[in-house]
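Participant: Dropping a structure here in structure tokens format, bear with me for questions.
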Amino acid sequence: MFNYIWPLLIIVFANTLYQICAKGIPPQMNTYASMTITYAVATLFSAVAFFVTTRGGNIFKEFSHTNWATIVLGIVITGLEVGFIFAYKAGWQVSTLATVSNAALAVILIFVGLIGYHEAISWSKVLGVAICLVGLYFINRK
């Protein structure tokens, strides 16, 4: 059970800090300059984590396993982070932006799962989508 839960705990913890950091980027700083520093730190952290967790590993050999997904993920992550930073600079509140975007994402991923991965849509998922949409209405209601 722990192997099922610990990744979720990391995601929740990291995403909480992520939102705080994204909102904390100085408004006068160029978003892409900020991202350059962010990715330099991420590159260094990832390389250190590789060597700490992979005794005798060859990172260049691992690079040979790269496919389209690794490359596109880099582009997509940049879009995700830039979107959050620009949204916070535009005035979104930290208490609503992640909730609204994640609820919308949950609805979209139901269909991605159905079409792209042949996952079943159950009545509980349909009900969950409806609840998300109602929640989005109340969160965004002025």
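FYI, nothing fancy with the structure tokens labels: chains A, B, ... in order, residues from 1 per chain, ligands from 1 as they appear.
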Which residues come within 10 Å of range 118-135 of chain A, counting only C-alpha atoms, excluding same-chain residues fewer than 2 positions away, as a list in words?

Facilitator: Thr99, Val100, Asn102, Ala103, Ala104, Ala106, Val107, Ile108, Ile110, Phe111, Val112, Gly113, Leu114, Ile115, Gly116, Tyr137, Phe138, Ile139, Asn140 and Arg141 of chain A

Participant: Could you go through chain A and tell me which residues DSSP, when run on the backbone, assigns to alpha helix (DSSP H), listing them as a PyMOL selection string?

Facilitator: chain A and resi 2-24+31-53+59-63+68-89+94-117+123-140

Participant: Env of Thr78 in chain A: 10 Å cut, atoms = only C-alpha atoms, seq-sep filter 6 positions within chain, self excluded. Answer as a PyMOL selection string.

Facilitator: chain A and resi 32+35-36+39+72+84

Participant: Which value, in Å to one decimal, gives the distance between CA of Ser95 in chain A and CA of Asn3 in chain A?

Facilitator: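 Distance reported for this atom pair: 29.1 Å.
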
Participant: Near range 89-91 of chain A, within 8 Å and counting only C-alpha atoms, which residues show up once chain neighbours fewer than 2 positions away are dropped, as a ChimeraX atom specification?

Facilitator: /A:23,27,85-87,93

Participant: Hey, can you spit out that residue selection with N, CA and C atoms as a PDB file, in the first residue's frame?

Facilitator:
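Done, and the output landed in out.pdb:
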ATOM      1  N   LYS A  23       3.735  31.446  -7.801  1.00  0.00           N
ATOM      2  CA  LYS A  23       3.109  32.721  -7.415  1.00  0.00           C
ATOM      3  C   LYS A  23       4.165  33.712  -6.918  1.00  0.00           C
ATOM      4  N   PRO A  27       6.912  39.810 -10.254  1.00  0.00           N
ATOM      5  CA  PRO A  27       6.146  40.239 -11.434  1.00  0.00           C
ATOM      6  C   PRO A  27       7.000  40.954 -12.483  1.00  0.00           C
ATOM      7  N   ILE A  85       2.721  30.697 -14.222  1.00  0.00           N
ATOM      8  CA  ILE A  85       3.357  31.963 -13.855  1.00  0.00           C
ATOM      9  C   ILE A  85       2.592  33.143 -14.448  1.00  0.00           C
ATOM     10  N   PHE A  86       2.240  33.058 -15.740  1.00  0.00           N
ATOM     11  CA  PHE A  86       1.474  34.143 -16.365  1.00  0.00           C
ATOM     12  C   PHE A  86       0.094  34.294 -15.723  1.00  0.00           C
ATOM     13  N   ALA A  87      -0.532  33.188 -15.355  1.00  0.00           N
ATOM     14  CA  ALA A  87      -1.846  33.259 -14.697  1.00  0.00           C
ATOM     15  C   ALA A  87      -1.736  33.973 -13.355  1.00  0.00           C
ATOM     16  N   GLN A  93      -5.711  33.723  -8.037  1.00  0.00           N
ATOM     17  CA  GLN A  93      -5.380  33.452  -6.637  1.00  0.00           C
ATOM     18  C   GLN A  93      -4.818  32.038  -6.519  1.00  0.00           C
TER      19      GLN A  93
END
